[in-house]
Each structure stands twice: as C-alpha cells, then as structure tokens.
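The block underneath contains the structure these notes are about, expressed in structure tokens.
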There are 2 protein chains.
Amino acid sequence: MQNDIIFGKNSVLEALIAGDREINKIIISKNIHGDSKLNKIKDLARENGIVFQFAAKEKFLPYAEFNHQGVIAQISPIKYKDLDDFLDEKHDNASVVILDGVEDAHNLGAIIRTCVCAGVAGIIIPSRRNVQVNATVEKTSAGAVNHIPIIKVNSLVNAVQKLKNSDWWVVAADAGAKDNYYDINYKDMNFALIMGAEHAGVSKSLLKAADFIVKIPMLKEFNSLNVSNALSAIIFETVRQKMKN
Amino acid sequence: MQNDIIFGKNSVLEALIAGDREINKIIISKNIHGDSKLNKIKDLARENGIVFQFAAKEKFLPYAEFNHQGVIAQISPIKYKDLDDFLDEKHDNASVVILDGVEDAHNLGAIIRTCVCAGVAGIIIPSRRNVQVNATVEKTSAGAVNHIPIIKVNSLVNAVQKLKNSDWWVVAADAGAKDNYYDINYKDMNFALIMGAEHAGVSKSLLKAADFIVKIPMLKEFNSLNVSNALSAIIFETVRQKMKN
C-alpha cells in the first residue's frame with residue numbers, strides 16, 4: 001500500500017498515540033532542538049518498534065511548504081469508516097457532522113480538530129466535491145484526524161436518509177433559516193449537523209431532508225462566517241446544552 | 001505614504017464598501033470571468049473615481065501565493081485605532097477581544113471575521129509579539145478587517161487596566177480555568193475577552209488582571225482547540241445570552 005507523508009510534531013505524535021495506522025518510518029531533522037513533544041515521539045517510536053532516523057535539513061527541502069517543524073513520517077493513509085458499520089454501533093446522545101462540499105484543506109483540518117474537542121462521534125464527507133484528508137488537513141487538524149472516524153460516502157442524500165432511518169435527527173445550518181441555532185434542543189437525541197460549502201452553503205436536497213434548519217444570528221450585516229468558526233459556535237452550544245442539567 | 005497590496009475579491013470589495021482607506025488602483029486579470037462581486041467592485045470603483053485596469057495574468061505571478069482570484073488593489077494601510085479614543089466613545093453592552101500573542105496570520109484573519117459577525121466593537125493587539133494586519137490577514141478575514149477597529153497598544157497589561165478603569169469587565173480564556181465559559185453572565189456590561197497565543201495561552205500577568213477566567217469544556221482529552229474556533233465558541237455564547245431575554 002502506498003504510504004502518505006505527514007508533517008509536524010502534532011501530526012506525528014497523535015498518529016503514534018492513536019496507534020491504528022502503520023508507521024513505516026519517522027524522519028527527524030538534525031537541526032531541531034529537542035522538546036517534550038519530540039521526546040514523546042521518540043519514546044513512543046521506541047516502544048512500538050518504529051524506525052526513526054535523523055536527517056540533514058536538506059532532506060526536508062521538498063516539504064518546505066508544509067511547516068513540518070523538522071519532523072515527518074511515512075504512514076499508511078487514514079482508514080475511512082463505513083457508514084453502515086458506524087450506525088451498527090451503539091450511540092447515545094451522540095452527534096455527527098456532515099460536510100457538504102467543504103473545499104479548503106485548512107477548514108477541514110480546523111473542523112476535525114473542533115469536532116474532536118467537542119466529542120463529536122464522526123465526520124461524514126462525500127467522496128467527491130469535498131476536500132479529502134491530505135497532509136495539509138492532517139497538519140491543520142493538529143493530528144486530531146487520528147481521533148475521530150471519518151466516514152466517506154458516495155451520496156450525502158442517501159447518508160442522511162440512513163441516519164434518519166436509524167432515528168438520528170438532522171439539523172442543517174443555513175444563513176436563510178428562521179430559527180437560531182440555540183433555539184433547538186440537542187439533548188436526549190442522536191443528531192447530525194450539516195455544514196455547507198464556503199460559498200454555496202448546504203445544497204437544496206439536503207436542506208429539504210433536514211428536520212431543522214438553523215442560522216447563526218449575525219450582529220453585523222457582514223454575513224460571512226468561516227465554516228469552521230460557524231461549526232464551532234453551533235457544536236459547542238450543543239455541548240453546553242448537554243453539560244447543563 | 002507607502003501603499004499596501006491586498007488580494008482577492010472580498011478584500012477589495014469590502015475595502016470599497018467601507019470606504020475609509022485610499023485606494024490608489026485596482027488591477028483585474030484579463031483572464032477571469034465576470035461575476036456579481038466583480039461587477040460590484042467595478043461599479044463602486046467608478047462611483048468613487050478609483051482607477052481600475054485590466055492586466056495580463058503574468059502581472060499576477062509575483063502574488064501567486066496569495067490566492068488573489070485575479071483581483072488586487074494598491075491601498076493605504078489600515079488605520080489602527082487609539083485605545084483612549086475608543087474608550088472615549090459611548091459603549092453599551094459592548095465587547096472587545098484582546099489577542100495575546102496570536103502568531104498565525106490565518107488565525108488572526110479568521111478571528112477578525114468572526115468578531116465582525118458577532119458584533120464585537122474592537123480588537124486589541126499588542127504592537128509586538130503578535131502577528132500584525134498584513135495581506136494574508138486581510139485575505140483570510142474576507143475583508144472584515146475594514147469593518148472593525150483594530151487597536152494597537154504597546155502594553156496589554158496597561159490596556160487591560162485602562163479598560164477596568166472605564167468599568168469594562170475582563171474575561172480571560174484559559175484551559176486550566178475552573179469555570180466554564182457559559183457560566184458567566186455577559187449581559188448588561190461592557191466586557192473584554194482575552195484569548196491567548198496558540199501554544200502558550202494567556203500570559204500570567206493578564207490572567208492575574210482578569211475578573212473571570214473561563215475554559216471551554218473538552219469532551220475528549222485531546223485538548224487543542226484552534227484559537228479562532230475557541231473564540232467563536234465563546235463569543236457566540238455571549239451573543240446568545242444578549243439575544244435571549
């Protein structure tokens with residue numbers, strides 16, 4: 001199987017901690033100073049019998065655009081999860097985030113990171129018309145990609161239908177909605193939150209399938225929240241509701 | 001005065017709409033298709049007597065890293081606001097965001113964008129140890145930088161003291177806090193929210209000066225929310241409280 005290359009201390013460290021991908025080799029620049037993260041990387045590599053090498057900084061030149069911090073790893077690609085397998089598991093007051101056409105790798109990385117912090121159970125992306133998990137996504141996610149199932153599906157409409165058939169509620173975020181996102185009760189149910197593309201928003205067929213459509217009230221007419229920041233506002237409101245009695 | 005160069009349709013359009021910076025020239029690639037934003041840019045330029053030129057795509061090669069979308073403008077730098085002037089204005093249930101050492105231009109751009117959407121009255125940054133407003137920040141902010149005062153100060157500690165002297169409450173975000181961010185009542189007061197650097201967090205002297213220290217509860221041990229996403233969660237909670245009766 002072809003290996004991916006991942007960049008940066010967090011990416012490599014979190015892949016080691018998660019431990020479910022095959023790491024072929026870790027390469028560390030001779031020119032970087034040791035710190036606690038680097039030590040942890042070396043310790044975990046030793047414990048797991050993973051080769052690590054020290055290399056001259058020239059070795060890193062091809063990866064200059066990636067902000068690699070002098071640490072890269074050759075690793076098996078992330079394993080996407082099957083939606084049916086996911087739905088077969090037991091979920092209790094769980095949430096998934098569905099991304100409909102998010103094109104920017106930094107946004108996807110930030111979304112994955114936010115979802116892990118907020119305890120989201122999975123992220124569903126379409127196999128086309130959406131950025132896939134690549135090295136930039138891994139890096140921007142600070143390695144969070146190793147801590148949440150990414151579910152790739154051919155059709156989001158079918159995926160939403162499957163979720164509904166399994167008694168998940170479906171919430172879509174749309175700037176034209178009547179309800180504010182905080183007026184929905186997210187407690188005591190499994191729900192999916194659909195976030196749309198940076199420009200086009202959530203597609204009509206998915207809005208139609210949603211049980212609730214919610215907006216974030218804008219206090220200025222400048223109506224242009226970045227998709228990862230919009231997701232953060234909504235998903236942490238659902239956390240707030242769950243934490244409150 | 002030396003001109004800045006800004007990149008992309010949103011950056012140029014929002015600078016035109018705000019209208020408080022001197023635009024020397026707008027350059028549009030001959031190779032891009034017209035759309036509603038481009039038409040608006042041309043209309044506003046005509047109305048305001050601003051020169052726009054069409055140029056071959058080669059003209060844009062030096063700016064390839066900026067995702068310029070075929071539109072750039074030569075413009076006077078943003079005018080930073082003076083904190084004393086800001087505090088002399090009347091503020092009623094207002095908020096400001098204080099950034100303590102945010103180093104990443106994309107994060108600053110996303111934060112500015114989120115602050116504008118959430119109706120924040122101003123953003124305070126230190127003149128050192130923080131990324132300044134540059135072309136990447138303008139671009140990532142989608143032009144939002146034109147719609148909110150950016151206040152640059154020599155000392156954040158002094159700035160916080162001035163805010164407190166003017167009866168503003170000060171809230172700092174810190175992962176080690178006891179209180180959750182949603183347990184504070186943000187209504188019926190002016191408040192400042194301090195967000196820390198990506199790695200180091202809010203500095204000790206500022207934590208000491210804060211009236212409240214709050215955290216975002218993490219549902220997974222992976223404790224690494226991006227600063228712009230953390231800000232979004234907290235600031236929209238304050239919006240939620242203000243909108244609710």
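In the structure tokens, each chain is lettered A, B, ... as it comes, each chain's residues begin at 1, and ligands are numbered from 1 in order of appearance.
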Per residue of chain B within 7 Å of chain A, note the shortest atom pair and the distance in Å to one decimal, counting only C-alpha atoms, and order the rows by chain and increasing residue number, as CSV.
```
residue,atom,partner,partner_atom,distance
B:Ala110,CA,A:Asn226,CA,7.0
B:Arg113,CA,A:Leu225,CA,6.4
B:Thr114,CA,A:Leu225,CA,5.9
B:Val116,CA,A:Lys220,CA,6.5
B:Cys117,CA,A:Met218,CA,5.2
B:Ala118,CA,A:Leu219,CA,5.3
B:Gly119,CA,A:Leu219,CA,4.7
B:Met218,CA,A:Cys117,CA,5.2
B:Leu219,CA,A:Gly119,CA,4.8
B:Lys220,CA,A:Cys117,CA,5.5
B:Phe222,CA,A:Cys117,CA,6.2
B:Asn223,CA,A:Cys117,CA,6.4
B:Leu225,CA,A:Thr114,CA,5.9
B:Asn226,CA,A:Ala110,CA,7.0
B:Ser228,CA,A:Asn229,CA,7.0
B:Asn229,CA,A:Asn229,CA,5.2
B:Ser232,CA,A:Ala233,CA,5.5
B:Ala233,CA,A:Ala233,CA,4.3
B:Phe236,CA,A:Ala233,CA,5.9
```
Task: For range 37-50 of chain A: contacts at 12 Å, only C-alpha atoms, fewer than 5 positions along chain excluded, given as number ranges by chain - done: A: 8-29, 32, 69-75
Selection file, C-alpha atoms, as a compact mmCIF listing (two decimals), in the first residue's frame:
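Saved the output as again.txt:
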```
# COMPACT_ATOMS: atom_id res chain seq x y z
CA GLY A 8 4.83 18.32 12.05
CA LYS A 9 5.17 17.23 15.67
CA ASN A 10 1.44 17.11 16.46
CA SER A 11 0.58 15.12 13.34
CA VAL A 12 3.24 12.51 14.05
CA LEU A 13 2.67 12.40 17.81
CA GLU A 14 -1.10 11.98 17.57
CA ALA A 15 -0.70 9.24 14.96
CA LEU A 16 1.61 7.43 17.39
CA ILE A 17 -0.81 7.88 20.29
CA ALA A 18 -3.80 6.65 18.30
CA GLY A 19 -1.70 3.72 17.11
CA ASP A 20 -4.05 2.38 14.45
CA ARG A 21 -2.03 3.30 11.35
CA GLU A 22 1.14 1.62 10.21
CA ILE A 23 4.08 3.99 10.54
CA ASN A 24 6.87 2.98 8.21
CA LYS A 25 9.46 5.49 9.32
CA ILE A 26 9.84 8.77 11.21
CA ILE A 27 12.45 11.26 10.00
CA ILE A 28 13.69 13.97 12.36
CA SER A 29 15.86 16.90 11.31
CA ILE A 32 15.91 20.99 15.54
CA GLN A 69 8.86 21.58 12.13
CA GLY A 70 11.65 19.15 11.23
CA VAL A 71 9.54 16.03 11.77
CA ILE A 72 7.89 13.91 9.10
CA ALA A 73 6.59 10.35 8.98
CA GLN A 74 5.78 7.81 6.31
CA ILE A 75 2.45 6.34 7.32
```
- [ ] Please identify all polymer residues within 6 Å of range 81-98 of chain A, counting only C-alpha atoms, omitting same-chain residues fewer than 4 positions from it, and present them as an MDAnalysis selection string.
- [x] chainID A and resid 120:124 150:151 188:194
Keeping N, CA and C atoms for every residue in the selection just given, could you write it to a file as a short mmCIF file (atom, residue, chain, number, x, y, z; two decimals), in the first residue's frame?
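File written: result.cif
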```cif
data_model
loop_
_atom_site.label_atom_id
_atom_site.label_comp_id
_atom_site.auth_asym_id
_atom_site.auth_seq_id
_atom_site.Cartn_x
_atom_site.Cartn_y
_atom_site.Cartn_z
N VAL A 120 -17.56 15.00 19.12
CA VAL A 120 -18.39 14.53 18.00
C VAL A 120 -17.99 13.09 17.66
N ALA A 121 -18.99 12.25 17.33
CA ALA A 121 -18.71 10.82 17.17
C ALA A 121 -18.17 10.46 15.79
N GLY A 122 -18.37 11.33 14.79
CA GLY A 122 -17.88 11.02 13.45
C GLY A 122 -18.10 12.19 12.51
N ILE A 123 -17.34 12.20 11.42
CA ILE A 123 -17.48 13.25 10.41
C ILE A 123 -17.76 12.57 9.08
N ILE A 124 -18.83 13.00 8.42
CA ILE A 124 -19.21 12.39 7.14
C ILE A 124 -18.86 13.35 6.01
N ILE A 150 -13.61 9.19 10.24
CA ILE A 150 -14.02 9.96 9.06
C ILE A 150 -14.75 8.98 8.15
N ILE A 151 -15.99 9.31 7.84
CA ILE A 151 -16.86 8.41 7.09
C ILE A 151 -17.05 8.98 5.69
N ASP A 188 -30.72 14.56 24.63
CA ASP A 188 -31.50 13.33 24.59
C ASP A 188 -31.84 12.89 23.18
N MET A 189 -30.91 13.09 22.28
CA MET A 189 -31.11 12.52 20.94
C MET A 189 -29.75 12.39 20.25
N ASN A 190 -29.70 11.50 19.26
CA ASN A 190 -28.57 11.50 18.34
C ASN A 190 -28.91 12.47 17.21
N PHE A 191 -27.95 13.31 16.86
CA PHE A 191 -28.24 14.23 15.76
C PHE A 191 -27.04 14.40 14.84
N ALA A 192 -27.38 14.71 13.58
CA ALA A 192 -26.38 15.04 12.57
C ALA A 192 -26.50 16.53 12.27
N LEU A 193 -25.36 17.21 12.17
CA LEU A 193 -25.33 18.63 11.84
C LEU A 193 -24.68 18.79 10.47
N ILE A 194 -25.43 19.33 9.52
CA ILE A 194 -24.89 19.52 8.16
C ILE A 194 -24.37 20.94 8.00
#
```
- [ ] Name all residues at most 7 Å from range 99-104 of chain A (count only C-alpha atoms; drop same-chain ones fewer than 2 positions away) and give them as a ChimeraX atom specification.
- [x] /A:97,106-108,124-125,129-131,194-198,202
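The protein and nucleic acid residues lying at most 9 Å from Ser205 in chain B are B:Val157, B:Ala209, B:Ala210, with only C-alpha atoms considered and sequence neighbours fewer than 4 positions away removed.
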Mind writing the picked residues with C-alpha atoms as a CSV table (one decimal), in the first residue's frame?
```csv
chain,number,residue,atom,x,y,z
B,157,VAL,CA,-1.4,45.0,30.8
B,209,ALA,CA,-5.7,41.1,36.0
B,210,ALA,CA,-8.8,39.3,34.7
```
TODO: Work out how far CA of Ser127 in chain A is from CA of Lys139 in chain B, in Å to one decimal.
DONE: 28.6 Å
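Interatomic distance, CA of Ala173 in chain B against CA of Ile78 in chain B: 27.7 Å.
Between CA of Lys164 in chain A and CA of Leu207 in chain A lies a distance of 13.6 Å.
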Open item on the list: From a backbone DSSP assignment, name each residue in range 4-243 of chain B labelled helix (DSSP H, G or I), as number ranges by chain.
Closed with: B: 9-18, 36-47, 57-66, 83-88, 105-117, 135-140, 144-147, 156-165, 181-183, 204-209, 227-243
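Of the residues listed (B:Thr238, B:Ser155, B:Gln132, B:Gln161), B:Gln161 shows the shortest atom-to-atom separation from Asp211 in chain B; distances use only C-alpha atoms.
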Open item on the list: For the structure I just gave you, how does DSSP split range 110-163 of chain A - specifically, which residues are strand (DSSP E)? Reply as number ranges by chain.
Closed with: A: 122-126, 150-153
Go ahead and dump the residues you just picked, C-alpha atoms, as an mmCIF file, in the first residue's frame.
```cif
data_model
loop_
_atom_site.group_PDB
_atom_site.id
_atom_site.type_symbol
_atom_site.label_atom_id
_atom_site.label_comp_id
_atom_site.auth_asym_id
_atom_site.auth_seq_id
_atom_site.Cartn_x
_atom_site.Cartn_y
_atom_site.Cartn_z
ATOM 1 C CA GLY A 122 -17.876 11.023 13.447
ATOM 2 C CA ILE A 123 -17.485 13.254 10.408
ATOM 3 C CA ILE A 124 -19.206 12.390 7.139
ATOM 4 C CA ILE A 125 -17.760 13.697 3.872
ATOM 5 C CA PRO A 126 -18.769 12.928 0.298
ATOM 6 C CA ILE A 150 -14.018 9.959 9.059
ATOM 7 C CA ILE A 151 -16.863 8.405 7.092
ATOM 8 C CA LYS A 152 -16.726 8.747 3.323
ATOM 9 C CA VAL A 153 -19.967 8.219 1.387
#
```
